[in-house]
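A.B. asks: Submitted below is the structure of interest, expressed as structure tokens.
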Amino acid sequence: MPEKMLELNDITMQFGGVVAVNNLSMYIGKGEIVALIGPNGAGKTTAFNCVTGVYKPSNGQVKYQGQVIVSNHPAGKMKALYAGENRDRYPHVVDPTPDKITRMGIARTFQNIRLFKTQTVFENVLIATHLHRTSNPISAAFRLNWREEQKMRELSLEMLDFVGLSAMKDELATSLPYGKQRRLEIARALATRPKLLLLDEPAAGMNPQETADLAQFIVEIKERFNLTIFLIEHHMDLVMDISERIYVIDFGKLIAHGEPHEVQDNPDVITAYLGVEDI
Amino acid sequence: MNTKKRGLVIGLILLALLFAGLYILENTISSSTMLITILKKGVIYALIAVSMNLLNGFTGLFSLGQAGFMLIGAYTYAILTIPVNMRGMIYQYYDGGIVQFALPAIIGILCAGLLAAFFAFLVGLPVLRLKSDYLAIATLGFAEIIRAIIQYEGLGPLTNGSNLLRRFPTFQSVLYPFAAAAICIGAILLLINSTYGRAFKAIRDDEVAAEAMGINLFFHKQLSFVVSSFFAGIGGALLAMYQGSIQVATFKSAMTYEILLIVVIGGMGSVTGSVIASFLFVASSEWWLRFLDNEMFIGTFQVPLLRSGFRMVVFSVIIMAVVLFYRRGIMGDKEFSLTRVRNRLLNRKAGRNA
Ligand SMILES: Nc1ncnc2c1ncn2[C@@H]1O[C@H](COP(=O)(O)OP(=O)(O)OP(=O)(O)O)[C@@H](O)[C@H]1O
Ligand SMILES: [Mg+2]
């Protein structure tokens with residue numbers, strides 16, 4: 001088994017009475033492409049948000065390269081609300097802000113595209129190189145960091161080149177067509193120089209041709225930047241095509257996992273997706 | 001890169017021309033004329049408006065504390081620079097006060113900025129970790145509290161209570177405030193165009209995405225707030241020098257709204273917009289619209305509405321009109337540039353020829 005890159009242990013996320021993610025445990029090996037799938041509202045994005053520090057899970061733990069980066073247990077009012085088991089298993093509270101997690105090497109894209117809308121394509125990527133700066137505000141203001149600034153610009157251009165957007169680098173990010181905006185989001189995430197890339201429905205709104213191109217592109221970036229990829233996606237052919245393993249959740253609960261062909265034939269998965277119910 | 005360098009050179013040449021023009025102007029007309037007064041006050045307001053724009057327009061943080069930080073700056077400057085032999089007379093109710101030294105004006109101005117920045121840092125510590133909306137409430141409250149504290153009798157030996165502070169060093173030449181403002185606005189521009197400025201704009205555009213790109217929200221908001229307040233403090237000190245005497249009552253929250261109006265009219269996120277709007281605003285309020293406050297008779301007919309206070313009514317209407325119909329202000333979030341003007345003119349010509 002490869003070294004584990006990311007590990008989720010008993011992650012639970014409750015919003016009041018709604019249990020969006022319920023005791024989810026999974027892992028992603030170094031260099032793998034792993035997909036998380038499930039019907040609408042299954043809790044996929046919420047799981048991402050627990051990993052990236054946007055939400056503080058009600059219970060559970062996230063490990064990144066063997067190190068605990070997120071950990072929480074229900075306390076106070078949450079304890080009464082909390083529906084799961086294992087509530088005393090994670091006594092430590094580790095609750096970093098999202099920027100810290102990004103600096104550790106986990107980058108993400110958003111399901112509902114979140115580009116910096118007053119900024120150009122180039123600036124959107126350039127902003128994502130800020131996190132590795134060594135300058136302070138004064139040295140940066142007076143351009144004592146010009147060498148580093150130059151490197152930031154070079155890296156950004158390289159990323160844009162790589163996703164095929166350098167020709168429109170000076171256009172406003174939001175003026176790009178939908179599919180290109182998604183690629184720009186990937187370029188921006190890559191500019192943070194991640195080891196682990198989380199993609200939340202990168203093919204949403206794309207036509208079959210674009211989706212096929214994207215599948216190939218994801219494999220390409222994985223190879224080129226030595227990445228591990230955690231993917232949420234609804235396009236089944238894309239998922240089946242490129243992922244090495246798949247986790248399926250429904251109503252926040254893990255209902256199946258395994259290699260694509262195993263998951264494909266799993267009756268629970270078929271039921272969840274087709275909405276067939278036992279009578 | 002090259003066009004940027006050329007822009008910088010042209011900018012510096014224009015700045016030199018501006019100063020030469022001001023120098024000539026000052027030596028040809030009397031320094032007490034309205035025009036000179038407007039230029040002095042306008043450029044100080046420009047600095048303050050740009051400092052507010054850094055926070056409101058570029059970082060997307062809504063603060064209403066500008067008058068409070070200006071007040072701190074003005075008082076710091078005055079307290080530190082009044083000549084020792086004047087203190088007995090000015091602090092007459094407080095045995096000459098407790099400060100018994102006087103710093104050079106330039107050091108006083110720097111201290112004004114630093115103390116305002118320090119207070120911003122303290123206010124920011126609890127508030128900037130919360131949702132952005134709280135900043136407006138906290139800064140507004142802070143400005144009121146500072147006003148009350150300075151007037152507090154117990155602090156009289158330091159602040160002279162609610163009495164005037166005066167006789168501190170002032171400036172005569174219009175070049176002085178212009179030079180100070182040029183340096184400060186230049187520094188703000190440099191920061192805005194640096195990698196930190198890009199982070200500010202990212203936060204303004206989308207906090208969630210900015211954070212996901214590794215930008216520490218608290219640190220950058222705090223940075224923007226502290227820098228903005230530093231320059232508001234310096235602006236306050238310059239305003240004190242311009243007025244020659246200061247009193248707490250000058251720095252009401254109405255002053256913050258004036259600055260906010262300038263920022264909105266000029267365009268949130270446009271430095272040149274703020275500068276242009278500052279001069280327009282000061283010229284209107286001190287000069288062009290003064291007549292609104294005076295009763296006027298044409299023959300025996302009294303022009304209706306014109307009386308003391310009517311100017312403020314007209315201002316309020318202008319604010320509402322701007323907010324309703326002209327929300328992006330004069331410049332939007334663009335900067336004034338000669339290239340842009342030239343392109344506009346060329347385009348218009350091309351359009352006519354086509
Ligand atoms: N901040 C929140 N507050 C309350 N409920 C939430 C919140 N975020 C998500 N939920 C709920 O959690 C559940 C899971 O939502 P989530 O967005 O994770 O689903 P998803 O699997 O990503 O679905 P989709 O395929 O539509 O993107 C939904 O019922 C949603 O309403
Ligand atoms: Mg989702």
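For the structure tokens, the naming scheme is as follows: chains receive sequential letters (A, B, ...) according to their order of presentation, residues are indexed from 1 within each chain, and ligands are indexed from 1 in presentation order.
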What residues have any atom no more than 8 Å from ligand 2 when counting only C-alpha atoms and all ligand atoms, and can you list them as a list in words?
C.D. replies: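 Counting only C-alpha atoms and all ligand atoms, the residues within 8 Å of ligand 2 come out as Asn40, Gly41, Gly43, Lys44, Thr45, Thr46, Gln111, Asp200, Glu201 and Ile232 of chain A.
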A.B. asks: Write out as a ChimeraX atom specification all residues of region 218-291 of chain B that DSSP puts in alpha helix (DSSP H) for this structure's backbone.
C.D. replies: /B:218-243,253-266,271-283
A.B. asks: My list of candidates is A:Ile37, A:Ala141, A:Ala128, A:Leu155. Which is closest to ligand 1 when distances are computed with only C-alpha atoms and all ligand atoms?
C.D. replies: A:Ile37
A.B. asks: What's the 9 Å shell around Val282 (chain B), counting only C-alpha atoms, without same-chain residues fewer than 6 positions away, as a PyMOL selection string?
C.D. replies: chain B and resi 38-39+41-42+45
A.B. asks: Could you save the residues just selected, with N, CA and C atoms, as a compact mmCIF listing (two decimals), in the first residue's frame?
C.D. replies:
# COMPACT_ATOMS: atom_id res chain seq x y z
N ILE B 38 -8.10 76.46 -0.67
CA ILE B 38 -8.71 75.23 -1.19
C ILE B 38 -7.64 74.20 -1.51
N LEU B 39 -6.55 74.66 -2.11
CA LEU B 39 -5.50 73.72 -2.48
C LEU B 39 -4.90 73.06 -1.24
N LYS B 41 -6.29 72.68 1.85
CA LYS B 41 -7.21 71.77 2.52
C LYS B 41 -7.51 70.57 1.62
N GLY B 42 -7.62 70.84 0.32
CA GLY B 42 -7.96 69.78 -0.63
C GLY B 42 -6.92 68.67 -0.62
N TYR B 45 -7.21 66.60 2.53
CA TYR B 45 -8.36 65.70 2.40
C TYR B 45 -8.05 64.57 1.42
A.B. asks: Identify all chain A residues at most 6 Å from chain B by counting only C-alpha atoms; ligands do not count. Present them as a list in words.
C.D. replies: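 Listing them in order of chain and number gives Pro98, Asp99, Thr102, Arg103, Phe116, Ala128, Leu131, Ala140 and Ala141 of chain A.
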A.B. asks: Include N, CA, C and O atoms and write out the residues we just selected as a PDB file, in the first residue's frame.
C.D. replies:
ATOM      1  N   PRO A  98      -8.369  28.141   6.971  1.00  0.00           N
ATOM      2  CA  PRO A  98      -8.107  27.558   5.649  1.00  0.00           C
ATOM      3  C   PRO A  98      -6.760  27.947   5.052  1.00  0.00           C
ATOM      4  O   PRO A  98      -6.119  27.127   4.380  1.00  0.00           O
ATOM      5  N   ASP A  99      -6.316  29.188   5.300  1.00  0.00           N
ATOM      6  CA  ASP A  99      -5.053  29.609   4.687  1.00  0.00           C
ATOM      7  C   ASP A  99      -3.885  28.769   5.196  1.00  0.00           C
ATOM      8  O   ASP A  99      -2.955  28.470   4.461  1.00  0.00           O
ATOM      9  N   THR A 102      -3.853  25.540   3.311  1.00  0.00           N
ATOM     10  CA  THR A 102      -3.318  25.729   1.958  1.00  0.00           C
ATOM     11  C   THR A 102      -1.802  25.817   2.003  1.00  0.00           C
ATOM     12  O   THR A 102      -1.104  25.275   1.145  1.00  0.00           O
ATOM     13  N   ARG A 103      -1.285  26.502   3.020  1.00  0.00           N
ATOM     14  CA  ARG A 103       0.172  26.633   3.112  1.00  0.00           C
ATOM     15  C   ARG A 103       0.858  25.299   3.407  1.00  0.00           C
ATOM     16  O   ARG A 103       2.033  25.134   3.148  1.00  0.00           O
ATOM     17  N   PHE A 116     -11.458  35.857  -8.482  1.00  0.00           N
ATOM     18  CA  PHE A 116     -11.431  37.247  -8.031  1.00  0.00           C
ATOM     19  C   PHE A 116     -11.957  38.092  -9.180  1.00  0.00           C
ATOM     20  O   PHE A 116     -11.275  38.295 -10.172  1.00  0.00           O
ATOM     21  N   ALA A 128      -2.308  33.879  -6.067  1.00  0.00           N
ATOM     22  CA  ALA A 128      -2.108  32.584  -5.411  1.00  0.00           C
ATOM     23  C   ALA A 128      -0.641  32.269  -5.148  1.00  0.00           C
ATOM     24  O   ALA A 128      -0.320  31.261  -4.528  1.00  0.00           O
ATOM     25  N   LEU A 131       1.340  33.360  -1.010  1.00  0.00           N
ATOM     26  CA  LEU A 131       1.527  32.623   0.246  1.00  0.00           C
ATOM     27  C   LEU A 131       2.961  32.191   0.498  1.00  0.00           C
ATOM     28  O   LEU A 131       3.341  31.986   1.640  1.00  0.00           O
ATOM     29  N   ALA A 140       8.213  44.826   0.313  1.00  0.00           N
ATOM     30  CA  ALA A 140       7.426  44.618  -0.906  1.00  0.00           C
ATOM     31  C   ALA A 140       7.000  45.944  -1.509  1.00  0.00           C
ATOM     32  O   ALA A 140       7.047  46.128  -2.722  1.00  0.00           O
ATOM     33  N   ALA A 141       6.586  46.895  -0.649  1.00  0.00           N
ATOM     34  CA  ALA A 141       6.141  48.197  -1.165  1.00  0.00           C
ATOM     35  C   ALA A 141       7.271  48.889  -1.909  1.00  0.00           C
ATOM     36  O   ALA A 141       7.057  49.467  -2.968  1.00  0.00           O
TER      37      ALA A 141
END
A.B. asks: If we count only C-alpha atoms, what is near region 72-85 of chain A at a cut-off of 6 Å, once residues fewer than 2 positions away on the same chain are taken out, given as JSON, numbers by chain?
C.D. replies: {"A": [58, 59, 60, 87, 90, 93]}
A.B. asks: Go ahead and save the residues from that selection, with all heavy atoms, as a PDB file, in the first residue's frame.
C.D. replies:
ATOM      1  N   SER A  58     -17.858  18.409  13.485  1.00  0.00           N
ATOM      2  CA  SER A  58     -18.416  18.204  14.828  1.00  0.00           C
ATOM      3  C   SER A  58     -17.615  17.142  15.565  1.00  0.00           C
ATOM      4  O   SER A  58     -17.507  17.162  16.786  1.00  0.00           O
ATOM      5  CB  SER A  58     -19.867  17.752  14.736  1.00  0.00           C
ATOM      6  OG  SER A  58     -20.540  18.453  13.734  1.00  0.00           O
ATOM      7  N   ASN A  59     -17.096  16.192  14.802  1.00  0.00           N
ATOM      8  CA  ASN A  59     -16.297  15.132  15.405  1.00  0.00           C
ATOM      9  C   ASN A  59     -15.364  14.577  14.345  1.00  0.00           C
ATOM     10  O   ASN A  59     -15.641  14.674  13.148  1.00  0.00           O
ATOM     11  CB  ASN A  59     -17.216  14.023  15.937  1.00  0.00           C
ATOM     12  CG  ASN A  59     -16.440  12.997  16.756  1.00  0.00           C
ATOM     13  OD1 ASN A  59     -15.564  13.357  17.537  1.00  0.00           O
ATOM     14  ND2 ASN A  59     -16.748  11.725  16.551  1.00  0.00           N
ATOM     15  N   GLY A  60     -14.254  13.993  14.780  1.00  0.00           N
ATOM     16  CA  GLY A  60     -13.373  13.325  13.832  1.00  0.00           C
ATOM     17  C   GLY A  60     -12.053  14.030  13.658  1.00  0.00           C
ATOM     18  O   GLY A  60     -11.743  15.009  14.332  1.00  0.00           O
ATOM     19  N   ARG A  87     -17.531   9.741  20.193  1.00  0.00           N
ATOM     20  CA  ARG A  87     -17.454  11.147  20.512  1.00  0.00           C
ATOM     21  C   ARG A  87     -16.286  11.491  21.434  1.00  0.00           C
ATOM     22  O   ARG A  87     -15.928  12.648  21.544  1.00  0.00           O
ATOM     23  CB  ARG A  87     -18.767  11.654  21.095  1.00  0.00           C
ATOM     24  CG  ARG A  87     -19.071  11.109  22.457  1.00  0.00           C
ATOM     25  CD  ARG A  87     -20.083  11.991  23.118  1.00  0.00           C
ATOM     26  NE  ARG A  87     -21.435  11.464  22.930  1.00  0.00           N
ATOM     27  CZ  ARG A  87     -22.452  11.795  23.722  1.00  0.00           C
ATOM     28  NH1 ARG A  87     -22.276  12.635  24.696  1.00  0.00           N
ATOM     29  NH2 ARG A  87     -23.639  11.307  23.521  1.00  0.00           N
ATOM     30  N   TYR A  90     -11.473  11.711  19.910  1.00  0.00           N
ATOM     31  CA  TYR A  90     -10.543  12.748  19.440  1.00  0.00           C
ATOM     32  C   TYR A  90     -10.510  13.913  20.422  1.00  0.00           C
ATOM     33  O   TYR A  90     -11.091  14.963  20.163  1.00  0.00           O
ATOM     34  CB  TYR A  90     -10.941  13.213  18.036  1.00  0.00           C
ATOM     35  CG  TYR A  90     -11.053  12.055  17.083  1.00  0.00           C
ATOM     36  CD1 TYR A  90     -12.292  11.473  16.795  1.00  0.00           C
ATOM     37  CD2 TYR A  90      -9.909  11.499  16.535  1.00  0.00           C
ATOM     38  CE1 TYR A  90     -12.385  10.384  15.965  1.00  0.00           C
ATOM     39  CE2 TYR A  90      -9.992  10.393  15.700  1.00  0.00           C
ATOM     40  CZ  TYR A  90     -11.232   9.839  15.422  1.00  0.00           C
ATOM     41  OH  TYR A  90     -11.319   8.754  14.613  1.00  0.00           O
ATOM     42  N   VAL A  93      -8.350  19.383  20.160  1.00  0.00           N
ATOM     43  CA  VAL A  93      -8.995  20.243  19.175  1.00  0.00           C
ATOM     44  C   VAL A  93      -7.899  20.885  18.328  1.00  0.00           C
ATOM     45  O   VAL A  93      -7.037  21.584  18.843  1.00  0.00           O
ATOM     46  CB  VAL A  93      -9.846  21.333  19.852  1.00  0.00           C
ATOM     47  CG1 VAL A  93     -10.439  22.259  18.804  1.00  0.00           C
ATOM     48  CG2 VAL A  93     -10.933  20.703  20.695  1.00  0.00           C
TER      49      VAL A  93
END
A.B. asks: Could you give me, as JSON, numbers by chain, every polymer residue with an atom at most 12 Å away from an atom of ligand 1, counting only C-alpha atoms and all ligand atoms?
C.D. replies: {"A": [12, 13, 14, 15, 16, 17, 18, 19, 20, 21, 22, 36, 37, 38, 39, 40, 41, 42, 43, 44, 45, 46, 47, 48, 49, 50, 54, 55, 56, 57, 110, 111, 112, 199, 200, 201, 202, 204, 231, 232, 233, 234, 235, 248, 249, 250, 251, 252, 253, 254, 273]}
A.B. asks: Restricting the calculation to only C-alpha atoms: of B:Gly68, B:Thr272, B:Ile10, B:Lys4, which residue gets closest to Lys334 (chain B)?
C.D. replies: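 With only C-alpha atoms as the atom set, the closest residue is B:Thr272.
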A.B. asks: Give me the residues near region 114-126 of chain B as JSON, numbers by chain, where near means some atom within 9 Å (using only C-alpha atoms) and where sequence neighbours in that chain fewer than 6 positions away do not count.
C.D. replies: {"B": [68, 69, 70, 71, 72, 73, 76, 135, 138, 139, 142, 218, 221, 222, 223, 225, 226, 227, 228, 229, 230, 231, 232, 233, 234]}
A.B. asks: Just give me the gap between CA of Pro91 (chain A) and CA of Met104 (chain A) in Å, one decimal is fine.
C.D. replies: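 Value for the CA of Pro91 (chain A)-CA of Met104 (chain A) distance: 22.8 Å.
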A.B. asks: From the options B:Val341, B:Leu18, B:Leu165, B:Leu130, which residue's atoms come nearest to Ile82 (chain B), counting only C-alpha atoms?
C.D. replies: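 Selected residue with least distance to Ile82 (chain B): B:Leu165.
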A.B. asks: Mind the document's chain letters and residue numbers, and return as a list of chain:residue names the residues of region 186-261 of chain A that DSSP labels strand (DSSP E).
C.D. replies: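 Selection result, strand (DSSP E) within region 186-261 of chain A: A:Leu196, A:Leu197, A:Leu198, A:Leu199, A:Asp200, A:Thr228, A:Ile229, A:Phe230, A:Leu231, A:Ile232, A:Arg245, A:Ile246, A:Tyr247, A:Val248, A:Ile249, A:Asp250, A:Lys253, A:Leu254, A:Ile255, A:Ala256, A:His257, A:Gly258.
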A.B. asks: Hey, can you spit out that residue selection with N, CA and C atoms as a short mmCIF file (atom, residue, chain, number, x, y, z; two decimals), in the first residue's frame?
C.D. replies:
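What landed in again_13.cif:
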data_model
loop_
_atom_site.label_atom_id
_atom_site.label_comp_id
_atom_site.auth_asym_id
_atom_site.auth_seq_id
_atom_site.Cartn_x
_atom_site.Cartn_y
_atom_site.Cartn_z
N LEU A 196 -1.35 18.16 -2.64
CA LEU A 196 -2.65 17.50 -2.74
C LEU A 196 -3.63 18.50 -3.33
N LEU A 197 -4.32 18.08 -4.38
CA LEU A 197 -5.25 18.99 -5.05
C LEU A 197 -6.66 18.46 -4.90
N LEU A 198 -7.57 19.30 -4.36
CA LEU A 198 -8.97 18.90 -4.23
C LEU A 198 -9.78 19.59 -5.32
N LEU A 199 -10.45 18.82 -6.14
CA LEU A 199 -11.24 19.39 -7.23
C LEU A 199 -12.72 19.12 -6.97
N ASP A 200 -13.49 20.18 -6.80
CA ASP A 200 -14.93 20.02 -6.53
C ASP A 200 -15.72 20.20 -7.83
N THR A 228 -1.22 14.48 -5.75
CA THR A 228 -2.23 13.52 -5.37
C THR A 228 -3.56 14.24 -5.59
N ILE A 229 -4.55 13.56 -6.13
CA ILE A 229 -5.79 14.26 -6.47
C ILE A 229 -7.00 13.64 -5.81
N PHE A 230 -7.78 14.51 -5.18
CA PHE A 230 -9.03 14.13 -4.52
C PHE A 230 -10.12 14.86 -5.29
N LEU A 231 -11.04 14.06 -5.85
CA LEU A 231 -11.93 14.60 -6.87
C LEU A 231 -13.38 14.35 -6.49
N ILE A 232 -14.21 15.38 -6.61
CA ILE A 232 -15.66 15.19 -6.52
C ILE A 232 -16.19 15.39 -7.94
N ARG A 245 -9.42 4.77 -7.14
CA ARG A 245 -10.42 4.26 -6.20
C ARG A 245 -11.54 5.27 -6.06
N ILE A 246 -12.70 4.76 -5.64
CA ILE A 246 -13.87 5.62 -5.52
C ILE A 246 -14.54 5.39 -4.18
N TYR A 247 -14.92 6.47 -3.52
CA TYR A 247 -15.77 6.38 -2.32
C TYR A 247 -17.13 6.92 -2.68
N VAL A 248 -18.18 6.24 -2.23
CA VAL A 248 -19.54 6.69 -2.54
C VAL A 248 -20.24 7.02 -1.23
N ILE A 249 -20.81 8.23 -1.13
CA ILE A 249 -21.58 8.55 0.07
C ILE A 249 -23.01 8.91 -0.31
N ASP A 250 -23.91 8.65 0.60
CA ASP A 250 -25.31 9.01 0.43
C ASP A 250 -25.81 9.46 1.79
N LYS A 253 -23.33 9.33 4.58
CA LYS A 253 -22.73 8.06 5.03
C LYS A 253 -22.03 7.35 3.88
N LEU A 254 -20.90 6.72 4.22
CA LEU A 254 -20.19 5.94 3.23
C LEU A 254 -21.02 4.70 2.91
N ILE A 255 -21.37 4.50 1.62
CA ILE A 255 -22.14 3.30 1.30
C ILE A 255 -21.33 2.30 0.48
N ALA A 256 -20.24 2.74 -0.11
CA ALA A 256 -19.42 1.79 -0.87
C ALA A 256 -18.07 2.40 -1.15
N HIS A 257 -17.07 1.55 -1.32
CA HIS A 257 -15.84 2.06 -1.88
C HIS A 257 -15.06 0.92 -2.51
N GLY A 258 -14.15 1.29 -3.40
CA GLY A 258 -13.38 0.27 -4.09
C GLY A 258 -12.92 0.79 -5.43
#
A.B. asks: If we count only C-alpha atoms, what is near region 208-222 of chain A at a cut-off of 9 Å, once residues fewer than 6 positions away on the same chain are taken out, given as a ChimeraX atom specification?
C.D. replies: /A:31-33,162-163,179,183,190,197,202,228-229,235,237-239,241-242
